[in-house]
Amino acid sequence: MVMRTLVYNEGVPTMRVFQLEGGWSADHLVIAERPMPEPGPGQIVLRMRAASLNYRDTVVIQRGYGSQTGQLPLVPVSDGVGEVVALGAGVSRVQIGDRVCPMFSPNWIGGRPTAARLGATLGGPLNGVMQEYMLIDAEGVALAPPHLSDVEAATLPCAALTAWSALVTEGKIEPGDRVLIQGTGGVSLFALQFAKMLGAFTIVTSSSSEKLERARALGADATLSYRETPEWGRSVRDIAGGDGVDHIVEVGGQQTLPQSLRAIRPGGTISMIGVLSGPSMEARLGLIVTRQVRLQGITVGSRDSFEAMARAISQHQLRPVVDRVFTFEELPQALTYLVSGAHFGKVCITHG
């Protein structure tokens, strides 16, 4: 890791940031200095307290979204929490000292997604949260639930809101619904917690017996090892009573979708969230048509949805599952750990 000090006019206050410069890979992550931000009208400055990692962050570092990834130098990582330390003219939504989460899509306040709302996202193409102080429009943040620690609150903007959008905003699950959740990463464990909170019957899949045991401790009603049962679609249908599950949180993509189509009931919904096993799709499309299956893409959600989710989290005193916490300087090690797949829950960073 390189510490690169940029030279500014004498007397200009600076802050540390992690940024990609000179190329697209983890080898090009450096700690640099930038001028301290000052808020303009409608803007605020946050002193960042913590961040959390998502699989998307590893894709951004490899420029995996092409030209939509952004331009160098780029401050990576989408999810974080910070304290409001400065207000621009006309700001009334938040006050000095408030603890807030910057929204993944800061222009998506409410309503349906549009190209403009989905195109401007933190951590690429917009600068992300790996900076000591962050300038952002006041409309692009929301209050963090007060009972959560900084590290816990930092996990909410992407992982939690994605799970909430899949099951609540779009999925509209009800008590007694049968929900299949793939894996035990951040989104998956939030999906498990939300599904149980809403009274659903939950089935969790994983290749690790230890992780499945921990999922049962979190409330999973049934678990299934896809390593022991590669053709798990039929097994899921049997667990769900023969007809199939009502909703699937699909994070695998290429290798898992064919089994999901066997596990879903007629008229059920598959929320497509991730493509961890590959971006292509080779599946029997006739199963989608003849059984009237809904294949729903999910890209995080709006600020309005985040605020509804935060109220539910506060009401039920729900606590995110945090696997491991790294320091600000340990961002490269944290990314390596995330890619290893050893984590159960969220991988987080404190800004110190």
# chains A, B, ... in the order shown; residues from 1 in each chain; ligands from 1
>>> residues_around(residues="Arg117 in chain A", least_positions_apart="4", cutoff="12 Å", atoms="only C-alpha atoms", output="ChimeraX atom specification")
/A:103-113,121-122,140,299-303
>>> residues_around(residues="Phe306 in chain A", least_positions_apart="3", cutoff="10 Å", atoms="only C-alpha atoms", output="PDB file with N, CA and C atoms, in the first residue's frame")
ATOM      1  N   CYS A 101     -26.569   7.866   7.136  1.00  0.00           N
ATOM      2  CA  CYS A 101     -26.004   7.002   6.107  1.00  0.00           C
ATOM      3  C   CYS A 101     -26.156   7.682   4.752  1.00  0.00           C
ATOM      4  N   MET A 103     -26.859   7.609   0.951  1.00  0.00           N
ATOM      5  CA  MET A 103     -27.582   6.643   0.137  1.00  0.00           C
ATOM      6  C   MET A 103     -26.720   6.155  -1.031  1.00  0.00           C
ATOM      7  N   ILE A 109     -34.723   9.511  -4.506  1.00  0.00           N
ATOM      8  CA  ILE A 109     -35.420   9.843  -3.256  1.00  0.00           C
ATOM      9  C   ILE A 109     -36.628   8.927  -3.062  1.00  0.00           C
ATOM     10  N   GLY A 110     -37.405   8.739  -4.113  1.00  0.00           N
ATOM     11  CA  GLY A 110     -38.586   7.887  -4.047  1.00  0.00           C
ATOM     12  C   GLY A 110     -39.094   7.601  -5.452  1.00  0.00           C
ATOM     13  N   VAL A 141     -29.016  11.621   2.096  1.00  0.00           N
ATOM     14  CA  VAL A 141     -28.676  10.883   3.315  1.00  0.00           C
ATOM     15  C   VAL A 141     -29.957  10.597   4.092  1.00  0.00           C
ATOM     16  N   ALA A 142     -29.852   9.647   5.034  1.00  0.00           N
ATOM     17  CA  ALA A 142     -30.970   9.323   5.920  1.00  0.00           C
ATOM     18  C   ALA A 142     -30.412   8.971   7.291  1.00  0.00           C
ATOM     19  N   LEU A 143     -31.197   9.252   8.332  1.00  0.00           N
ATOM     20  CA  LEU A 143     -30.760   8.994   9.701  1.00  0.00           C
ATOM     21  C   LEU A 143     -30.553   7.505   9.929  1.00  0.00           C
ATOM     22  N   ALA A 144     -29.490   7.167  10.654  1.00  0.00           N
ATOM     23  CA  ALA A 144     -29.212   5.783  11.019  1.00  0.00           C
ATOM     24  C   ALA A 144     -30.014   5.423  12.269  1.00  0.00           C
ATOM     25  N   LEU A 156     -26.063  -0.840   6.295  1.00  0.00           N
ATOM     26  CA  LEU A 156     -27.451  -0.746   5.845  1.00  0.00           C
ATOM     27  C   LEU A 156     -27.676  -0.266   4.412  1.00  0.00           C
ATOM     28  N   PRO A 157     -26.942   0.725   3.890  1.00  0.00           N
ATOM     29  CA  PRO A 157     -27.355   1.347   2.623  1.00  0.00           C
ATOM     30  C   PRO A 157     -27.480   0.405   1.435  1.00  0.00           C
ATOM     31  N   CYS A 158     -26.579  -0.572   1.275  1.00  0.00           N
ATOM     32  CA  CYS A 158     -26.679  -1.496   0.131  1.00  0.00           C
ATOM     33  C   CYS A 158     -27.264  -2.842   0.536  1.00  0.00           C
ATOM     34  N   ALA A 160     -28.587  -4.228   3.369  1.00  0.00           N
ATOM     35  CA  ALA A 160     -29.886  -4.294   4.034  1.00  0.00           C
ATOM     36  C   ALA A 160     -31.002  -3.814   3.112  1.00  0.00           C
ATOM     37  N   LEU A 161     -30.777  -2.688   2.433  1.00  0.00           N
ATOM     38  CA  LEU A 161     -31.841  -2.132   1.590  1.00  0.00           C
ATOM     39  C   LEU A 161     -32.128  -3.033   0.392  1.00  0.00           C
ATOM     40  N   THR A 162     -31.108  -3.718  -0.128  1.00  0.00           N
ATOM     41  CA  THR A 162     -31.343  -4.665  -1.214  1.00  0.00           C
ATOM     42  C   THR A 162     -32.260  -5.788  -0.762  1.00  0.00           C
ATOM     43  N   TRP A 164     -34.358  -5.694   1.764  1.00  0.00           N
ATOM     44  CA  TRP A 164     -35.671  -5.096   2.047  1.00  0.00           C
ATOM     45  C   TRP A 164     -36.453  -4.887   0.753  1.00  0.00           C
ATOM     46  N   SER A 165     -35.788  -4.369  -0.279  1.00  0.00           N
ATOM     47  CA  SER A 165     -36.460  -4.140  -1.563  1.00  0.00           C
ATOM     48  C   SER A 165     -36.958  -5.446  -2.156  1.00  0.00           C
ATOM     49  N   VAL A 300     -30.697  -2.274  -5.143  1.00  0.00           N
ATOM     50  CA  VAL A 300     -30.747  -1.533  -3.877  1.00  0.00           C
ATOM     51  C   VAL A 300     -32.132  -0.913  -3.699  1.00  0.00           C
ATOM     52  N   GLY A 301     -32.285   0.426  -3.698  1.00  0.00           N
ATOM     53  CA  GLY A 301     -33.585   1.033  -3.473  1.00  0.00           C
ATOM     54  C   GLY A 301     -33.469   2.517  -3.210  1.00  0.00           C
ATOM     55  N   SER A 302     -34.604   3.147  -2.924  1.00  0.00           N
ATOM     56  CA  SER A 302     -34.676   4.599  -2.768  1.00  0.00           C
ATOM     57  C   SER A 302     -34.472   5.025  -1.318  1.00  0.00           C
ATOM     58  N   ARG A 303     -34.316   6.332  -1.119  1.00  0.00           N
ATOM     59  CA  ARG A 303     -34.208   6.867   0.245  1.00  0.00           C
ATOM     60  C   ARG A 303     -35.488   6.631   1.030  1.00  0.00           C
ATOM     61  N   MET A 309     -37.355   1.043   6.050  1.00  0.00           N
ATOM     62  CA  MET A 309     -36.585  -0.071   6.601  1.00  0.00           C
ATOM     63  C   MET A 309     -35.970   0.293   7.946  1.00  0.00           C
ATOM     64  N   ALA A 310     -35.419   1.499   8.041  1.00  0.00           N
ATOM     65  CA  ALA A 310     -34.788   1.933   9.294  1.00  0.00           C
ATOM     66  C   ALA A 310     -35.805   1.978  10.429  1.00  0.00           C
ATOM     67  N   ARG A 311     -37.039   2.393  10.127  1.00  0.00           N
ATOM     68  CA  ARG A 311     -38.082   2.400  11.167  1.00  0.00           C
ATOM     69  C   ARG A 311     -38.366   0.980  11.644  1.00  0.00           C
ATOM     70  N   ALA A 312     -38.425   0.032  10.703  1.00  0.00           N
ATOM     71  CA  ALA A 312     -38.684  -1.364  11.076  1.00  0.00           C
ATOM     72  C   ALA A 312     -37.523  -1.930  11.892  1.00  0.00           C
TER      73      ALA A 312
END
>>> residues_around(residues="Phe190 in chain A", least_positions_apart="5", cutoff="10 Å", atoms="only C-alpha atoms", output="PyMOL selection string")
chain A and resi 155-156+159-164+181+184-185+195-196+318-321+345-346
>>> write_last_selection(atoms="C-alpha atoms", output="compact mmCIF listing (two decimals), in the first residue's frame")
# COMPACT_ATOMS: atom_id res chain seq x y z
CA THR A 155 -24.00 -2.10 6.69
CA LEU A 156 -27.45 -0.75 5.84
CA ALA A 159 -26.95 -4.94 1.72
CA ALA A 160 -29.89 -4.29 4.03
CA LEU A 161 -31.84 -2.13 1.59
CA THR A 162 -31.34 -4.66 -1.21
CA ALA A 163 -32.84 -7.42 0.96
CA TRP A 164 -35.67 -5.10 2.05
CA ILE A 181 -32.35 -17.56 0.73
CA THR A 184 -24.86 -16.36 4.15
CA GLY A 185 -23.35 -13.10 2.90
CA ALA A 195 -38.21 -12.67 6.48
CA LYS A 196 -38.35 -13.93 10.06
CA LEU A 318 -32.75 -5.78 14.77
CA ARG A 319 -28.95 -5.96 14.74
CA PRO A 320 -26.91 -6.65 11.58
CA VAL A 321 -24.54 -9.61 11.54
CA GLY A 345 -22.30 -11.54 7.42
CA LYS A 346 -20.68 -8.18 6.80
>>> residues_around(residues="Thr229 in chain A", least_positions_apart="6", cutoff="12 Å", atoms="only C-alpha atoms", output="PyMOL selection string")
chain A and resi 205-207+223+235-236+259
>>> write_last_selection(atoms="N, CA and C atoms", output="tab-separated table (two decimals), in the first residue's frame")
chain	number	residue	atom	x	y	z
A	205	THR	N	-29.58	-21.92	1.98
A	205	THR	CA	-28.63	-22.84	1.36
A	205	THR	C	-27.21	-22.32	1.54
A	206	SER	N	-26.26	-23.23	1.64
A	206	SER	CA	-24.84	-22.88	1.73
A	206	SER	C	-24.04	-24.14	1.46
A	207	SER	N	-22.75	-23.97	1.19
A	207	SER	CA	-21.86	-25.13	1.03
A	207	SER	C	-21.21	-25.50	2.35
A	223	THR	N	-32.41	-25.76	6.48
A	223	THR	CA	-31.16	-25.47	5.78
A	223	THR	C	-30.84	-26.61	4.84
A	235	SER	N	-35.36	-30.76	-3.76
A	235	SER	CA	-35.34	-30.86	-2.30
A	235	SER	C	-36.02	-29.67	-1.65
A	236	VAL	N	-35.80	-28.48	-2.21
A	236	VAL	CA	-36.46	-27.28	-1.68
A	236	VAL	C	-37.98	-27.39	-1.84
A	259	GLN	N	-31.70	-24.16	-10.77
A	259	GLN	CA	-32.28	-24.82	-9.61
A	259	GLN	C	-33.38	-23.97	-8.98
>>> select_by_dssp(residues="range 84-251 of chain A", states="helix (DSSP H, G or I)", output="ChimeraX atom specification")
/A:115-119,138-140,150-153,156-169,186-197,209-217,232-239
>>> write_last_selection(atoms="C-alpha atoms", output="tab-separated table (two decimals), in the first residue's frame")
chain	number	residue	atom	x	y	z
A	115	ALA	CA	-31.77	5.81	-15.67
A	116	ALA	CA	-30.80	9.04	-13.92
A	117	ARG	CA	-31.57	7.63	-10.47
A	118	LEU	CA	-29.75	4.35	-11.05
A	119	GLY	CA	-26.77	5.84	-12.87
A	138	ALA	CA	-28.46	16.75	2.20
A	139	GLU	CA	-31.22	15.02	0.25
A	140	GLY	CA	-28.93	12.04	-0.32
A	150	ASP	CA	-21.34	2.84	13.78
A	151	VAL	CA	-20.11	-0.40	12.22
A	152	GLU	CA	-23.62	-1.91	12.28
A	153	ALA	CA	-25.18	1.23	10.78
A	156	LEU	CA	-27.45	-0.75	5.84
A	157	PRO	CA	-27.35	1.35	2.62
A	158	CYS	CA	-26.68	-1.50	0.13
A	159	ALA	CA	-26.95	-4.94	1.72
A	160	ALA	CA	-29.89	-4.29	4.03
A	161	LEU	CA	-31.84	-2.13	1.59
A	162	THR	CA	-31.34	-4.66	-1.21
A	163	ALA	CA	-32.84	-7.42	0.96
A	164	TRP	CA	-35.67	-5.10	2.05
A	165	SER	CA	-36.46	-4.14	-1.56
A	166	ALA	CA	-36.51	-7.79	-2.62
A	167	LEU	CA	-38.80	-9.03	0.13
A	168	VAL	CA	-40.88	-6.00	1.14
A	169	THR	CA	-40.93	-3.24	-1.50
A	186	GLY	CA	-24.57	-9.66	3.90
A	187	VAL	CA	-27.70	-9.45	1.71
A	188	SER	CA	-28.66	-13.04	2.46
A	189	LEU	CA	-28.50	-12.67	6.24
A	190	PHE	CA	-30.48	-9.44	6.12
A	191	ALA	CA	-33.06	-11.30	4.01
A	192	LEU	CA	-33.20	-14.02	6.67
A	193	GLN	CA	-33.70	-11.49	9.44
A	194	PHE	CA	-36.37	-9.52	7.55
A	195	ALA	CA	-38.21	-12.67	6.48
A	196	LYS	CA	-38.35	-13.93	10.06
A	197	MET	CA	-39.42	-10.48	11.27
A	209	SER	CA	-22.24	-26.92	7.42
A	210	GLU	CA	-20.83	-24.48	10.00
A	211	LYS	CA	-22.51	-21.53	8.28
A	212	LEU	CA	-25.79	-23.44	8.02
A	213	GLU	CA	-25.64	-24.11	11.75
A	214	ARG	CA	-25.17	-20.40	12.40
A	215	ALA	CA	-28.08	-19.62	10.05
A	216	ARG	CA	-30.30	-21.93	12.11
A	217	ALA	CA	-29.22	-20.05	15.23
A	232	TRP	CA	-31.31	-28.88	-4.69
A	233	GLY	CA	-34.35	-27.52	-6.51
A	234	ARG	CA	-36.48	-30.62	-5.94
A	235	SER	CA	-35.34	-30.86	-2.30
A	236	VAL	CA	-36.46	-27.28	-1.68
A	237	ARG	CA	-39.86	-28.06	-3.19
A	238	ASP	CA	-40.21	-31.03	-0.84
A	239	ILE	CA	-39.26	-28.93	2.20
>>> closest_residue(among="A:Gly42, A:Pro102, A:Pro125, A:Gly88", to="Leu72 in chain A", atoms="only C-alpha atoms")
A:Pro125
>>> select_by_dssp(residues="range 191-260 of chain A", states="strand (DSSP E)", output="VMD selection string")
chain A and resid 201 to 206 222 to 225 245 to 250
>>> write_last_selection(atoms="C-alpha atoms", output="CSV table (one decimal), in the first residue's frame")
chain,number,residue,atom,x,y,z
A,201,PHE,CA,-40.9,-19.8,6.7
A,202,THR,CA,-37.2,-19.6,5.7
A,203,ILE,CA,-34.9,-22.0,3.9
A,204,VAL,CA,-31.1,-21.2,3.7
A,205,THR,CA,-28.6,-22.8,1.4
A,206,SER,CA,-24.8,-22.9,1.7
A,222,ALA,CA,-34.6,-25.3,7.3
A,223,THR,CA,-31.2,-25.5,5.8
A,224,LEU,CA,-29.7,-27.3,2.8
A,225,SER,CA,-26.1,-27.9,1.7
A,245,VAL,CA,-41.4,-21.7,-2.3
A,246,ASP,CA,-43.1,-18.3,-2.8
A,247,HIS,CA,-40.0,-16.2,-3.0
A,248,ILE,CA,-36.3,-16.8,-3.7
A,249,VAL,CA,-33.4,-14.4,-2.9
A,250,GLU,CA,-31.2,-15.3,-5.9
>>> closest_atom_pairs(of="range 270-350 of chain A", to="range 127-133 of chain A", cutoff="12 Å", atoms="only C-alpha atoms", output="CSV")
residue,atom,partner,partner_atom,distance
A:Thr327,CA,A:Met130,CA,11.1
A:Phe328,CA,A:Met130,CA,7.8
A:Glu329,CA,A:Met130,CA,10.0
A:Glu330,CA,A:Met130,CA,11.3
A:Leu331,CA,A:Met130,CA,8.8
A:Pro332,CA,A:Met130,CA,11.8
A:Cys348,CA,A:Met130,CA,11.6
A:Ile349,CA,A:Met130,CA,9.2
A:Thr350,CA,A:Met130,CA,9.9
>>> write_last_selection(atoms="C-alpha atoms", output="PDB file, in the first residue's frame")
ATOM      1  CA  THR A 327      -9.067  -0.423  10.181  1.00  0.00           C
ATOM      2  CA  PHE A 328      -9.129   2.307   7.530  1.00  0.00           C
ATOM      3  CA  GLU A 329      -5.561   1.470   6.510  1.00  0.00           C
ATOM      4  CA  GLU A 330      -6.471  -2.209   6.077  1.00  0.00           C
ATOM      5  CA  LEU A 331      -8.872  -1.742   3.139  1.00  0.00           C
ATOM      6  CA  PRO A 332      -6.818  -3.992   0.788  1.00  0.00           C
ATOM      7  CA  CYS A 348     -16.593  -3.690   7.902  1.00  0.00           C
ATOM      8  CA  ILE A 349     -14.051  -0.877   8.306  1.00  0.00           C
ATOM      9  CA  THR A 350     -13.630   1.750  11.019  1.00  0.00           C
TER      10      THR A 350
END
>>> closest_residue(among="A:Asp27, A:Gly123, A:Gly253, A:Gly244", to="Ala51 in chain A", atoms="only C-alpha atoms")
A:Gly123
>>> closest_residue(among="A:Ala154, A:Arg227, A:Arg47, A:Gln315", to="Leu135 in chain A", atoms="only C-alpha atoms")
A:Arg47
>>> residues_around(residues="range 30-37 of chain A", least_positions_apart="3", cutoff="12 Å", atoms="only C-alpha atoms", output="JSON, numbers by chain")
{"A": [1, 2, 3, 4, 5, 6, 7, 8, 9, 10, 11, 12, 13, 14, 15, 16, 17, 18, 19, 20, 21, 22, 23, 24, 25, 26, 27, 40, 43, 44, 45, 46, 47, 73, 74, 75, 76, 85, 86, 87, 88, 130, 131, 132, 133, 134, 135, 136, 328, 329, 330, 331, 332]}
>>> write_last_selection(atoms="C-alpha atoms", output="PDB file, in the first residue's frame")
ATOM      1  CA  MET A   1       0.000   0.000   0.000  1.00  0.00           C
ATOM      2  CA  VAL A   2       1.277   3.474  -0.903  1.00  0.00           C
ATOM      3  CA  MET A   3       0.757   6.722   1.000  1.00  0.00           C
ATOM      4  CA  ARG A   4       0.752   9.508  -1.570  1.00  0.00           C
ATOM      5  CA  THR A   5       0.704  13.087  -0.318  1.00  0.00           C
ATOM      6  CA  LEU A   6      -0.675  15.637  -2.766  1.00  0.00           C
ATOM      7  CA  VAL A   7       0.606  19.198  -2.424  1.00  0.00           C
ATOM      8  CA  TYR A   8      -1.865  22.062  -2.035  1.00  0.00           C
ATOM      9  CA  ASN A   9      -1.479  25.736  -1.258  1.00  0.00           C
ATOM     10  CA  GLU A  10       0.051  26.279   2.149  1.00  0.00           C
ATOM     11  CA  GLY A  11      -2.594  26.515   4.845  1.00  0.00           C
ATOM     12  CA  VAL A  12      -5.257  24.494   2.968  1.00  0.00           C
ATOM     13  CA  PRO A  13      -6.614  21.820   5.340  1.00  0.00           C
ATOM     14  CA  THR A  14      -6.447  18.290   3.936  1.00  0.00           C
ATOM     15  CA  MET A  15      -7.929  14.888   4.704  1.00  0.00           C
ATOM     16  CA  ARG A  16      -6.963  11.308   3.936  1.00  0.00           C
ATOM     17  CA  VAL A  17      -8.775   9.256   1.314  1.00  0.00           C
ATOM     18  CA  PHE A  18      -8.297   5.818  -0.177  1.00  0.00           C
ATOM     19  CA  GLN A  19      -8.420   6.078  -3.944  1.00  0.00           C
ATOM     20  CA  LEU A  20      -7.749   4.157  -7.121  1.00  0.00           C
ATOM     21  CA  GLU A  21      -5.206   5.923  -9.280  1.00  0.00           C
ATOM     22  CA  GLY A  22      -3.129   4.925 -12.247  1.00  0.00           C
ATOM     23  CA  GLY A  23      -5.078   1.761 -13.038  1.00  0.00           C
ATOM     24  CA  TRP A  24      -7.967  -0.541 -12.207  1.00  0.00           C
ATOM     25  CA  SER A  25      -6.980  -3.211  -9.670  1.00  0.00           C
ATOM     26  CA  ALA A  26      -6.434  -3.540  -5.930  1.00  0.00           C
ATOM     27  CA  ASP A  27      -2.731  -2.915  -6.605  1.00  0.00           C
ATOM     28  CA  GLY A  40     -22.333  24.716  -0.763  1.00  0.00           C
ATOM     29  CA  GLN A  43     -24.933  20.307   0.867  1.00  0.00           C
ATOM     30  CA  ILE A  44     -23.508  18.827   4.069  1.00  0.00           C
ATOM     31  CA  VAL A  45     -20.146  17.500   5.206  1.00  0.00           C
ATOM     32  CA  LEU A  46     -19.908  14.207   7.088  1.00  0.00           C
ATOM     33  CA  ARG A  47     -17.089  13.000   9.293  1.00  0.00           C
ATOM     34  CA  PRO A  73      -8.842   8.817  -9.365  1.00  0.00           C
ATOM     35  CA  LEU A  74     -11.883   7.240  -7.696  1.00  0.00           C
ATOM     36  CA  VAL A  75     -12.690   6.852  -3.997  1.00  0.00           C
ATOM     37  CA  PRO A  76     -14.183   3.333  -3.673  1.00  0.00           C
ATOM     38  CA  VAL A  85     -20.226  18.344  10.934  1.00  0.00           C
ATOM     39  CA  ALA A  86     -21.095  21.177   8.514  1.00  0.00           C
ATOM     40  CA  LEU A  87     -24.244  22.482   6.832  1.00  0.00           C
ATOM     41  CA  GLY A  88     -24.600  24.478   3.645  1.00  0.00           C
ATOM     42  CA  MET A 130     -13.388   5.729   1.985  1.00  0.00           C
ATOM     43  CA  GLN A 131     -12.587   9.310   2.918  1.00  0.00           C
ATOM     44  CA  GLU A 132     -12.298  10.944   6.310  1.00  0.00           C
ATOM     45  CA  TYR A 133     -14.775  13.696   5.391  1.00  0.00           C
ATOM     46  CA  MET A 134     -17.449  13.451   2.719  1.00  0.00           C
ATOM     47  CA  LEU A 135     -19.365  16.148   0.830  1.00  0.00           C
ATOM     48  CA  ILE A 136     -22.886  15.165  -0.230  1.00  0.00           C
ATOM     49  CA  PHE A 328      -9.129   2.307   7.530  1.00  0.00           C
ATOM     50  CA  GLU A 329      -5.561   1.470   6.510  1.00  0.00           C
ATOM     51  CA  GLU A 330      -6.471  -2.209   6.077  1.00  0.00           C
ATOM     52  CA  LEU A 331      -8.872  -1.742   3.139  1.00  0.00           C
ATOM     53  CA  PRO A 332      -6.818  -3.992   0.788  1.00  0.00           C
TER      54      PRO A 332
END
>>> atom_distance(atom1="CA of Pro41 in chain A", atom2="CA of Gly90 in chain A")
6.1 Å
>>> closest_residue(among="A:Val325, A:Leu218, A:Met48, A:Ile61", to="Leu29 in chain A", atoms="only C-alpha atoms")
A:Ile61
>>> residues_around(residues="Leu338 in chain A", least_positions_apart="3", cutoff="10 Å", atoms="only C-alpha atoms", output="NGL selection string")
:A and (53-55 or 57-58 or 185 or 324 or 332-335 or 341-344 or 346-348)
>>> residues_around(residues="range 267-270 of chain A", least_positions_apart="4", cutoff="12 Å", atoms="only C-alpha atoms", output="PyMOL selection string")
chain A and resi 166-167+170-173+177-182+243-253+256-263+274+287-298
>>> write_last_selection(atoms="N, CA and C atoms", output="short mmCIF file (atom, residue, chain, number, x, y, z; two decimals), in the first residue's frame")
data_model
loop_
_atom_site.label_atom_id
_atom_site.label_comp_id
_atom_site.auth_asym_id
_atom_site.auth_seq_id
_atom_site.Cartn_x
_atom_site.Cartn_y
_atom_site.Cartn_z
N ALA A 166 -36.13 -6.50 -2.05
CA ALA A 166 -36.51 -7.79 -2.62
C ALA A 166 -37.73 -8.37 -1.93
N LEU A 167 -37.76 -8.33 -0.61
CA LEU A 167 -38.80 -9.03 0.13
C LEU A 167 -40.01 -8.16 0.45
N GLU A 170 -40.71 -4.88 -3.28
CA GLU A 170 -41.12 -5.57 -4.50
C GLU A 170 -41.79 -6.91 -4.21
N GLY A 171 -41.27 -7.66 -3.25
CA GLY A 171 -41.78 -9.00 -2.99
C GLY A 171 -43.08 -9.06 -2.23
N LYS A 172 -43.29 -8.05 -1.35
CA LYS A 172 -44.53 -7.96 -0.57
C LYS A 172 -44.85 -9.29 0.13
N ILE A 173 -43.84 -9.88 0.78
CA ILE A 173 -44.09 -11.15 1.44
C ILE A 173 -45.01 -10.97 2.64
N ASP A 177 -45.50 -17.04 4.22
CA ASP A 177 -44.84 -17.25 2.93
C ASP A 177 -43.57 -18.06 3.13
N ARG A 178 -43.21 -18.82 2.11
CA ARG A 178 -42.01 -19.66 2.14
C ARG A 178 -40.92 -18.98 1.30
N VAL A 179 -39.80 -18.69 1.96
CA VAL A 179 -38.73 -17.91 1.32
C VAL A 179 -37.44 -18.72 1.31
N LEU A 180 -36.84 -18.85 0.13
CA LEU A 180 -35.54 -19.49 -0.01
C LEU A 180 -34.47 -18.41 -0.12
N ILE A 181 -33.43 -18.54 0.69
CA ILE A 181 -32.35 -17.56 0.73
C ILE A 181 -31.04 -18.27 0.41
N GLN A 182 -30.36 -17.79 -0.62
CA GLN A 182 -29.11 -18.42 -1.04
C GLN A 182 -27.92 -17.77 -0.31
N ASP A 243 -45.14 -27.87 -3.47
CA ASP A 243 -45.53 -26.91 -4.50
C ASP A 243 -44.39 -25.97 -4.85
N GLY A 244 -43.44 -25.80 -3.93
CA GLY A 244 -42.34 -24.87 -4.14
C GLY A 244 -42.46 -23.67 -3.22
N VAL A 245 -41.42 -22.86 -3.22
CA VAL A 245 -41.40 -21.68 -2.34
C VAL A 245 -42.05 -20.49 -3.04
N ASP A 246 -42.48 -19.52 -2.23
CA ASP A 246 -43.13 -18.33 -2.77
C ASP A 246 -42.13 -17.31 -3.31
N HIS A 247 -40.96 -17.27 -2.67
CA HIS A 247 -40.00 -16.23 -3.02
C HIS A 247 -38.58 -16.78 -2.87
N ILE A 248 -37.70 -16.40 -3.80
CA ILE A 248 -36.30 -16.81 -3.75
C ILE A 248 -35.42 -15.56 -3.83
N VAL A 249 -34.47 -15.46 -2.90
CA VAL A 249 -33.45 -14.42 -2.95
C VAL A 249 -32.26 -15.02 -3.70
N GLU A 250 -32.15 -14.67 -4.97
CA GLU A 250 -31.21 -15.29 -5.91
C GLU A 250 -29.94 -14.44 -6.00
N VAL A 251 -28.83 -14.98 -5.48
CA VAL A 251 -27.56 -14.25 -5.50
C VAL A 251 -26.52 -14.93 -6.35
N GLY A 252 -26.77 -16.14 -6.82
CA GLY A 252 -25.75 -16.91 -7.52
C GLY A 252 -25.66 -16.62 -9.00
N GLY A 253 -26.82 -16.57 -9.68
CA GLY A 253 -26.79 -16.31 -11.11
C GLY A 253 -26.72 -17.56 -11.95
N THR A 256 -26.98 -21.11 -10.24
CA THR A 256 -28.07 -21.34 -9.29
C THR A 256 -29.46 -21.12 -9.87
N LEU A 257 -29.58 -20.27 -10.89
CA LEU A 257 -30.90 -19.95 -11.42
C LEU A 257 -31.65 -21.18 -11.94
N PRO A 258 -31.02 -22.13 -12.64
CA PRO A 258 -31.77 -23.31 -13.07
C PRO A 258 -32.42 -24.07 -11.91
N GLN A 259 -31.70 -24.16 -10.77
CA GLN A 259 -32.28 -24.82 -9.61
C GLN A 259 -33.38 -23.97 -8.98
N SER A 260 -33.20 -22.66 -9.00
CA SER A 260 -34.23 -21.77 -8.46
C SER A 260 -35.54 -21.93 -9.23
N LEU A 261 -35.44 -22.10 -10.55
CA LEU A 261 -36.65 -22.27 -11.36
C LEU A 261 -37.35 -23.58 -11.04
N ARG A 262 -36.62 -24.56 -10.54
CA ARG A 262 -37.25 -25.81 -10.12
C ARG A 262 -37.85 -25.69 -8.72
N ALA A 263 -37.29 -24.76 -7.92
CA ALA A 263 -37.73 -24.63 -6.53
C ALA A 263 -38.91 -23.69 -6.34
N GLY A 274 -27.71 -11.00 -7.29
CA GLY A 274 -26.29 -11.12 -7.59
C GLY A 274 -26.02 -12.15 -8.65
N LEU A 287 -40.07 -22.59 -18.20
CA LEU A 287 -40.54 -22.69 -16.82
C LEU A 287 -41.01 -21.34 -16.29
N ILE A 288 -40.40 -20.27 -16.77
CA ILE A 288 -40.84 -18.94 -16.36
C ILE A 288 -42.21 -18.63 -16.94
N VAL A 289 -42.40 -18.98 -18.21
CA VAL A 289 -43.65 -18.64 -18.91
C VAL A 289 -44.80 -19.53 -18.47
N THR A 290 -44.60 -20.84 -18.55
CA THR A 290 -45.72 -21.76 -18.30
C THR A 290 -46.14 -21.79 -16.83
N ARG A 291 -45.23 -21.41 -15.92
CA ARG A 291 -45.59 -21.40 -14.51
C ARG A 291 -45.76 -19.98 -13.99
N GLN A 292 -45.75 -19.02 -14.90
CA GLN A 292 -45.99 -17.61 -14.59
C GLN A 292 -45.11 -17.12 -13.44
N VAL A 293 -43.81 -17.42 -13.55
CA VAL A 293 -42.86 -17.01 -12.53
C VAL A 293 -42.42 -15.56 -12.79
N ARG A 294 -42.31 -14.81 -11.74
CA ARG A 294 -41.85 -13.42 -11.85
C ARG A 294 -40.36 -13.37 -11.54
N LEU A 295 -39.54 -12.93 -12.52
CA LEU A 295 -38.11 -12.76 -12.34
C LEU A 295 -37.84 -11.27 -12.19
N GLN A 296 -37.55 -10.86 -10.95
CA GLN A 296 -37.47 -9.44 -10.60
C GLN A 296 -36.03 -9.04 -10.32
N GLY A 297 -35.49 -8.11 -11.12
CA GLY A 297 -34.16 -7.57 -10.83
C GLY A 297 -34.24 -6.56 -9.69
N ILE A 298 -33.23 -6.57 -8.83
CA ILE A 298 -33.19 -5.67 -7.67
C ILE A 298 -31.88 -4.90 -7.68
#
